[in-house]
>>> print(open('upload.cif').read())   # mmCIF, C-alpha atoms
data_my_file
#
loop_
_atom_site.label_atom_id
_atom_site.label_comp_id
_atom_site.auth_asym_id
_atom_site.auth_seq_id
_atom_site.Cartn_x
_atom_site.Cartn_y
_atom_site.Cartn_z
CA MET A 13 -3.64 56.30 24.04
CA ASP A 14 -2.35 58.60 21.29
CA GLU A 15 0.62 57.81 19.06
CA PRO A 16 3.40 59.70 20.93
CA GLU A 17 2.27 58.20 24.27
CA LYS A 18 2.30 54.73 22.75
CA GLU A 19 5.76 55.27 21.26
CA MET A 20 7.06 56.52 24.61
CA GLU A 21 5.59 53.50 26.38
CA GLN A 22 7.25 51.17 23.87
CA LEU A 23 10.55 53.03 24.25
CA LEU A 24 10.49 52.69 28.05
CA ALA A 25 9.60 49.01 27.64
CA ALA A 26 12.66 48.57 25.37
CA ASN A 27 14.85 50.26 27.99
CA GLN A 28 13.35 47.95 30.60
CA SER A 29 14.06 44.91 28.39
CA PHE A 30 17.71 45.94 28.24
CA TYR A 31 17.92 45.94 32.06
CA ALA A 32 15.92 42.70 32.28
CA ALA A 33 18.48 41.03 29.97
CA PHE A 34 21.32 42.56 32.02
CA GLY A 35 19.85 41.37 35.32
CA ALA A 36 19.06 37.89 33.96
CA LEU A 37 22.64 37.60 32.60
CA SER A 38 20.98 36.44 29.37
CA LEU A 39 22.96 36.86 26.16
CA GLU A 40 19.91 35.68 24.23
CA GLN A 41 17.71 38.44 25.66
CA MET A 42 20.52 40.99 25.24
CA SER A 43 20.84 39.99 21.60
CA GLU A 44 17.10 40.67 21.13
CA VAL A 45 17.46 44.18 22.56
CA TRP A 46 20.32 45.40 20.35
CA LEU A 47 20.37 46.27 16.67
CA HIS A 48 22.94 44.01 15.01
CA GLU A 49 24.94 46.54 13.00
CA ASP A 50 28.65 47.25 12.74
CA TRP A 51 28.14 50.84 13.97
CA VAL A 52 26.41 50.24 17.32
CA GLN A 53 28.39 51.60 20.29
CA CYS A 54 28.92 50.56 23.89
CA VAL A 55 30.94 52.14 26.70
CA HIS A 56 31.07 50.09 29.90
CA PRO A 57 32.05 52.01 33.08
CA GLY A 58 35.65 53.22 32.88
CA ARG A 59 36.22 51.36 29.63
CA GLN A 60 36.96 52.30 26.02
CA LEU A 61 34.38 52.43 23.25
CA LEU A 62 33.29 49.13 21.74
CA GLU A 63 31.96 49.34 18.21
CA GLY A 64 29.81 46.92 16.21
CA TRP A 65 27.49 44.22 17.47
CA GLU A 66 30.24 41.54 17.48
CA GLU A 67 32.43 43.51 19.91
CA VAL A 68 29.44 44.56 21.99
CA ARG A 69 28.07 41.01 22.15
CA GLU A 70 31.48 39.66 23.20
CA SER A 71 31.64 42.19 26.08
CA TRP A 72 28.26 41.10 27.43
CA ALA A 73 29.27 37.44 27.07
CA GLN A 74 32.35 38.14 29.20
CA ILE A 75 30.42 40.13 31.82
CA PHE A 76 27.78 37.40 32.08
CA ALA A 77 30.39 34.59 32.23
CA ASN A 78 32.19 36.32 35.11
CA THR A 79 29.06 37.12 37.12
CA LYS A 80 27.14 34.69 39.30
CA ARG A 81 24.15 36.91 40.04
CA MET A 82 23.16 40.47 39.39
CA LYS A 83 20.60 42.79 40.94
CA LEU A 84 19.77 46.02 39.14
CA GLU A 85 17.72 49.00 40.25
CA ILE A 86 16.95 51.67 37.68
CA GLY A 87 16.02 55.21 38.67
CA SER A 88 15.64 58.85 37.53
CA ILE A 89 14.52 57.87 34.05
CA SER A 90 14.50 60.73 31.56
CA ALA A 91 13.57 59.93 27.97
CA HIS A 92 13.31 61.92 24.76
CA LEU A 93 11.85 60.92 21.38
CA GLU A 94 12.97 62.54 18.13
CA GLY A 95 11.30 60.89 15.16
CA GLU A 96 12.56 57.32 14.92
CA VAL A 97 15.44 57.91 17.33
CA ALA A 98 15.18 58.17 21.10
CA TRP A 99 17.46 58.25 24.09
CA VAL A 100 17.00 57.44 27.75
CA ALA A 101 19.09 58.68 30.67
CA CYS A 102 18.80 56.72 33.91
CA THR A 103 20.72 55.72 36.99
CA GLU A 104 21.75 52.12 37.59
CA ASN A 105 22.29 50.67 41.05
CA VAL A 106 24.18 47.46 40.28
CA LEU A 107 24.87 44.72 42.81
CA SER A 108 26.96 41.91 41.29
CA SER A 109 28.08 38.71 42.95
CA PHE A 110 31.01 36.70 41.64
CA GLU A 111 32.64 33.40 42.51
CA HIS A 112 34.59 35.08 45.32
CA GLY A 113 32.89 38.25 46.48
CA PHE A 114 30.58 40.98 45.31
CA ASP A 115 30.60 44.52 44.02
CA GLN A 116 28.17 47.44 44.20
CA ALA A 117 28.18 50.35 41.75
CA GLN A 118 26.14 53.49 41.16
CA LEU A 119 26.13 54.38 37.48
CA GLN A 120 24.70 57.02 35.15
CA ALA A 121 23.64 55.65 31.76
CA THR A 122 22.75 57.10 28.37
CA ASN A 123 20.93 54.62 26.11
CA ILE A 124 20.16 55.39 22.45
CA PHE A 125 17.47 53.49 20.51
CA VAL A 126 16.26 53.50 16.89
CA LEU A 127 12.87 52.34 15.64
CA ARG A 128 13.23 49.47 13.13
CA ASP A 129 10.14 47.71 11.74
CA GLY A 130 8.09 49.06 14.64
CA VAL A 131 10.53 47.87 17.32
CA TRP A 132 12.89 50.04 19.39
CA ARG A 133 16.41 48.56 19.23
CA MET A 134 19.37 49.69 21.31
CA VAL A 135 22.17 51.23 19.25
CA ALA A 136 24.30 52.83 21.97
CA HIS A 137 24.87 52.34 25.70
CA HIS A 138 27.21 54.53 27.75
CA ALA A 139 27.48 53.96 31.51
CA SER A 140 29.78 55.81 33.88
CA PRO A 141 30.44 55.73 37.62
CA LEU A 142 28.63 58.10 39.99
CA PRO A 143 29.88 59.11 43.42
CA PRO A 144 28.66 56.61 46.04
CA ALA A 145 25.26 57.47 47.55
CA PRO A 146 25.60 59.11 50.97
CA GLU A 147 25.17 56.73 53.91
CA PRO A 148 21.84 57.17 55.66
CA THR A 149 22.46 59.30 58.75
CA LEU A 150 21.08 58.48 62.19
CA GLN A 151 18.55 61.04 63.37
CA MET B 9 29.74 66.16 -2.47
CA ASP B 10 26.46 64.26 -2.09
CA GLU B 11 23.87 65.00 0.60
CA PRO B 12 24.88 62.37 3.22
CA GLU B 13 28.55 63.36 2.92
CA LYS B 14 27.64 67.01 3.38
CA GLU B 15 25.48 66.23 6.42
CA MET B 16 28.30 64.16 7.95
CA GLU B 17 30.77 66.99 7.35
CA GLN B 18 28.42 69.47 9.04
CA LEU B 19 27.90 67.07 11.94
CA LEU B 20 31.63 66.68 12.51
CA ALA B 21 32.00 70.47 12.28
CA ALA B 22 29.32 70.84 15.01
CA ASN B 23 31.19 68.34 17.19
CA GLN B 24 34.37 70.33 16.56
CA SER B 25 32.58 73.58 17.50
CA PHE B 26 31.62 72.02 20.84
CA TYR B 27 35.28 71.26 21.60
CA ALA B 28 36.37 74.67 20.31
CA ALA B 29 33.94 76.31 22.78
CA PHE B 30 35.16 73.99 25.54
CA GLY B 31 38.83 74.73 24.83
CA ALA B 32 38.22 78.47 24.54
CA LEU B 33 36.29 78.46 27.86
CA SER B 34 33.65 80.46 26.00
CA LEU B 35 30.12 80.35 27.35
CA GLU B 36 28.98 82.36 24.33
CA GLN B 37 30.33 79.76 21.88
CA MET B 38 29.00 76.91 24.06
CA SER B 39 25.56 78.52 24.01
CA GLU B 40 25.67 78.58 20.19
CA VAL B 41 26.44 74.83 20.08
CA TRP B 42 23.56 73.61 22.30
CA LEU B 43 19.85 73.47 21.64
CA HIS B 44 18.13 75.58 24.31
CA GLU B 45 15.42 73.17 25.47
CA ASP B 46 14.38 71.92 28.90
CA TRP B 47 15.11 68.29 27.90
CA VAL B 48 18.77 68.52 26.84
CA GLN B 49 21.05 66.34 28.93
CA CYS B 50 24.64 66.58 30.18
CA VAL B 51 26.73 64.17 32.26
CA HIS B 52 30.16 65.52 33.25
CA PRO B 53 32.76 62.90 34.30
CA GLY B 54 31.74 61.17 37.52
CA ARG B 55 28.78 63.51 37.94
CA GLN B 56 24.99 63.18 37.96
CA LEU B 57 22.73 63.99 35.02
CA LEU B 58 22.00 67.65 34.38
CA GLU B 59 18.77 68.34 32.52
CA GLY B 60 17.59 71.39 30.60
CA TRP B 61 19.68 74.15 29.06
CA GLU B 62 19.62 76.31 32.24
CA GLU B 63 21.27 73.58 34.35
CA VAL B 64 23.66 72.64 31.55
CA ARG B 65 24.61 76.27 30.92
CA GLU B 66 25.25 76.83 34.64
CA SER B 67 27.60 73.81 34.76
CA TRP B 68 29.71 75.15 31.87
CA ALA B 69 29.76 78.60 33.49
CA GLN B 70 31.16 77.02 36.68
CA ILE B 71 33.74 74.91 34.81
CA PHE B 72 34.90 77.93 32.80
CA ALA B 73 35.02 80.18 35.89
CA ASN B 74 37.22 77.66 37.74
CA THR B 75 39.60 76.99 34.85
CA LYS B 76 42.46 79.24 33.79
CA ARG B 77 43.37 77.44 30.59
CA MET B 78 42.32 74.27 28.83
CA LYS B 79 43.93 72.16 26.14
CA LEU B 80 41.80 69.51 24.44
CA GLU B 81 42.79 66.76 22.04
CA ILE B 82 39.99 64.77 20.40
CA GLY B 83 40.55 61.32 18.96
CA SER B 84 38.93 58.09 17.74
CA ILE B 85 35.89 59.88 16.30
CA SER B 86 33.03 57.58 15.36
CA ALA B 87 29.83 59.19 14.09
CA HIS B 88 26.45 57.91 12.99
CA LEU B 89 23.59 59.76 11.27
CA GLU B 90 19.99 58.64 11.57
CA GLY B 91 17.66 61.06 9.80
CA GLU B 92 17.77 64.36 11.69
CA VAL B 93 19.51 62.87 14.73
CA ALA B 94 23.17 61.95 14.99
CA TRP B 95 25.65 60.93 17.62
CA VAL B 96 29.41 61.10 17.87
CA ALA B 97 31.66 58.99 20.08
CA CYS B 98 35.17 60.31 20.66
CA THR B 99 37.99 60.38 23.17
CA GLU B 100 38.97 63.59 24.96
CA ASN B 101 42.45 64.24 26.28
CA VAL B 102 41.88 67.20 28.60
CA LEU B 103 44.66 69.25 30.18
CA SER B 104 43.25 71.91 32.52
CA SER B 105 45.18 74.51 34.46
CA PHE B 106 43.70 76.21 37.50
CA GLU B 107 44.80 78.99 39.86
CA HIS B 108 46.91 76.51 41.84
CA GLY B 109 47.83 73.50 39.73
CA PHE B 110 46.66 71.46 36.80
CA ASP B 111 44.82 68.28 35.94
CA GLN B 112 44.98 65.81 33.07
CA ALA B 113 42.13 63.46 32.15
CA GLN B 114 41.42 60.86 29.47
CA LEU B 115 37.70 60.70 28.76
CA GLN B 116 35.28 58.83 26.51
CA ALA B 117 32.39 60.97 25.25
CA THR B 118 29.03 60.37 23.59
CA ASN B 119 27.57 63.49 21.98
CA ILE B 120 24.03 63.58 20.54
CA PHE B 121 22.94 66.22 18.01
CA VAL B 122 19.65 67.08 16.29
CA LEU B 123 19.22 69.00 13.05
CA ARG B 124 17.17 72.20 13.55
CA ASP B 125 16.67 74.65 10.69
CA GLY B 126 19.63 73.13 8.89
CA VAL B 127 21.98 73.39 11.87
CA TRP B 128 23.22 70.51 14.06
CA ARG B 129 22.69 71.41 17.73
CA MET B 130 23.98 69.43 20.69
CA VAL B 131 21.22 67.89 22.83
CA ALA B 132 23.24 65.48 24.99
CA HIS B 133 26.83 65.16 26.18
CA HIS B 134 28.05 62.26 28.33
CA ALA B 135 31.74 62.05 29.26
CA SER B 136 33.34 59.42 31.48
CA PRO B 137 36.86 58.68 32.70
CA LEU B 138 39.09 56.23 30.83
CA PRO B 139 42.04 54.40 32.37
CA PRO B 140 45.21 56.52 32.04
CA ALA B 141 47.15 55.92 28.81
CA PRO B 142 50.15 53.64 29.39
CA GLU B 143 53.46 55.46 29.85
CA PRO B 144 55.71 55.20 26.80
CA THR B 145 58.28 52.48 27.50
CA LEU B 146 61.99 52.87 26.80
CA GLN B 147 63.21 50.50 24.10
#
>>> encode(input="upload.cif", output="structure tokens")
Amino acid sequence: MDEPEKEMEQLLAANQSFYAAFGALSLEQMSEVWLHEDWVQCVHPGRQLLEGWEEVRESWAQIFANTKRMKLEIGSISAHLEGEVAWVACTENVLSSFEHGFDQAQLQATNIFVLRDGVWRMVAHHASPLPPAPEPTLQ
Amino acid sequence: MDEPEKEMEQLLAANQSFYAAFGALSLEQMSEVWLHEDWVQCVHPGRQLLEGWEEVRESWAQIFANTKRMKLEIGSISAHLEGEVAWVACTENVLSSFEHGFDQAQLQATNIFVLRDGVWRMVAHHASPLPPAPEPTLQ
């Protein structure tokens, strides 16, 4: 495998680790994924910008505390590498269950990563709602 | 002015040029702002990912054709440079007037730029709806 292929594979693995942490509701795993700097950015669906690892961490802690279980399906992955920076666009199909009910959302995400000491770390996440998928029609 | 300051100033000017093109409903100016590659990405509010300059260009052409006038206010700008890649988060207050009516939207945007031949070009734009600003209360 040549160098760009290897870098792309590692980038997609980092993106996958983000969604693994999300789905596992694991703040520890999520903390591993992100770069801990005061300039990292996060926009949850329909919400304002959060800036800096402390704010971003707190938002995940709240999401995880309020969620009982989460199922995530990632699709339409489109990634681009530019030196030691890369970004990944993908769709998220999110099924969350809470104490009293559940919620399903279709989202479009943009995830930015930087390479630090040979490891891709997330530095920005922006997710926004998509129109609901059309119901399957009876033939 | 030292080099990083100059780069940051040029980056913010590129971000401003994007919104100037948007506000002027000018496809020519918008074309100047973007890098013309098949991997550039654009997510309009509540819409699916568009990929490649042709698709992105077409979407701006449609938006501009359907809009009579547009007034844009940009706020809460937060930018980060990482070598020859940079991204800017900002809010957009968009007032659009059409043939029969008008629309106002509060959006959160993530804009990614790359430096090519000394010029910052947009390579990704992701905008998503924010909750409406609270009405000013009477004292």
>>> closest_atom_pairs(input="upload.cif", of="range 42-143 of chain B", to="range 28-36 of chain B", cutoff="7 Å", atoms="only C-alpha atoms", output="tab-separated table")
residue	atom	partner	partner_atom	distance
B:Trp68	CA	B:Leu35	CA	6.9
B:Ala69	CA	B:Leu35	CA	6.4
B:Phe72	CA	B:Leu33	CA	5.2
B:Met78	CA	B:Gly31	CA	5.3
B:Lys79	CA	B:Gly31	CA	5.9
B:Leu80	CA	B:Gly31	CA	6.0
>>> interface_residues(input="upload.cif", of="chain A", to="chain B", cutoff="6 Å", atoms="all atoms listed in the file", output="number ranges by chain")
A: 58-59, 140-142
>>> write_last_selection(input="upload.cif", atoms="C-alpha atoms", output="PDB file, in the coordinates of the input")
ATOM      1  CA  GLY A  58      35.650  53.220  32.880  1.00  0.00           C
ATOM      2  CA  ARG A  59      36.220  51.360  29.630  1.00  0.00           C
ATOM      3  CA  SER A 140      29.780  55.810  33.880  1.00  0.00           C
ATOM      4  CA  PRO A 141      30.440  55.730  37.620  1.00  0.00           C
ATOM      5  CA  LEU A 142      28.630  58.100  39.990  1.00  0.00           C
TER       6      LEU A 142
END
>>> resolve_selection(input="upload.cif", expression="the PyMOL selection byres ((chain B and resi 106) around 12)", output="number ranges by chain")
B: 71-78, 103-105, 107-112
>>> write_last_selection(input="upload.cif", atoms="C-alpha atoms", output="PDB file, keeping the file's coordinate frame")
ATOM      1  CA  ILE B  71      33.740  74.910  34.810  1.00  0.00           C
ATOM      2  CA  PHE B  72      34.900  77.930  32.800  1.00  0.00           C
ATOM      3  CA  ALA B  73      35.020  80.180  35.890  1.00  0.00           C
ATOM      4  CA  ASN B  74      37.220  77.660  37.740  1.00  0.00           C
ATOM      5  CA  THR B  75      39.600  76.990  34.850  1.00  0.00           C
ATOM      6  CA  LYS B  76      42.460  79.240  33.790  1.00  0.00           C
ATOM      7  CA  ARG B  77      43.370  77.440  30.590  1.00  0.00           C
ATOM      8  CA  MET B  78      42.320  74.270  28.830  1.00  0.00           C
ATOM      9  CA  LEU B 103      44.660  69.250  30.180  1.00  0.00           C
ATOM     10  CA  SER B 104      43.250  71.910  32.520  1.00  0.00           C
ATOM     11  CA  SER B 105      45.180  74.510  34.460  1.00  0.00           C
ATOM     12  CA  GLU B 107      44.800  78.990  39.860  1.00  0.00           C
ATOM     13  CA  HIS B 108      46.910  76.510  41.840  1.00  0.00           C
ATOM     14  CA  GLY B 109      47.830  73.500  39.730  1.00  0.00           C
ATOM     15  CA  PHE B 110      46.660  71.460  36.800  1.00  0.00           C
ATOM     16  CA  ASP B 111      44.820  68.280  35.940  1.00  0.00           C
ATOM     17  CA  GLN B 112      44.980  65.810  33.070  1.00  0.00           C
TER      18      GLN B 112
END
>>> atom_distance(input="upload.cif", atom1="CA of Val64 in chain B", atom2="CA of Met130 in chain B")
11.3 Å
>>> atom_distance(input="upload.cif", atom1="CA of Leu20 in chain B", atom2="CA of Val41 in chain B")
12.3 Å
>>> resolve_selection(input="upload.cif", expression="the PyMOL selection byres ((chain B and resi 128) around 9)", output="mmCIF file with C-alpha atoms, in the coordinates of the input")
data_model
loop_
_atom_site.group_PDB
_atom_site.id
_atom_site.type_symbol
_atom_site.label_atom_id
_atom_site.label_comp_id
_atom_site.auth_asym_id
_atom_site.auth_seq_id
_atom_site.Cartn_x
_atom_site.Cartn_y
_atom_site.Cartn_z
ATOM 1 C CA GLN B 18 28.420 69.470 9.040
ATOM 2 C CA LEU B 19 27.900 67.070 11.940
ATOM 3 C CA ALA B 21 32.000 70.470 12.280
ATOM 4 C CA ALA B 22 29.320 70.840 15.010
ATOM 5 C CA ASN B 23 31.190 68.340 17.190
ATOM 6 C CA VAL B 41 26.440 74.830 20.080
ATOM 7 C CA TRP B 42 23.560 73.610 22.300
ATOM 8 C CA LEU B 43 19.850 73.470 21.640
ATOM 9 C CA GLU B 92 17.770 64.360 11.690
ATOM 10 C CA VAL B 93 19.510 62.870 14.730
ATOM 11 C CA ALA B 94 23.170 61.950 14.990
ATOM 12 C CA PHE B 121 22.940 66.220 18.010
ATOM 13 C CA VAL B 122 19.650 67.080 16.290
ATOM 14 C CA LEU B 123 19.220 69.000 13.050
ATOM 15 C CA ARG B 124 17.170 72.200 13.550
ATOM 16 C CA ASP B 125 16.670 74.650 10.690
ATOM 17 C CA GLY B 126 19.630 73.130 8.890
ATOM 18 C CA VAL B 127 21.980 73.390 11.870
ATOM 19 C CA ARG B 129 22.690 71.410 17.730
ATOM 20 C CA MET B 130 23.980 69.430 20.690
#
>>> atom_distance(input="upload.cif", atom1="CA of Glu49 in chain A", atom2="CA of Glu70 in chain A")
13.9 Å
>>> axis_aligned_box(input="upload.cif", around="range 49-63 of chain B", padding_each_side="4 Å", output="lines of an AutoDock Vina configuration file")
center_x = 25.2
center_y = 68.7
center_z = 33.4
size_x = 23.2
size_y = 23.1
size_z = 17.0
>>> closest_residue(input="upload.cif", among="A:Met42, A:Ala117, A:Met20, A:Val135", to="Leu62 in chain A", atoms="all atoms listed in the file")
A:Val135
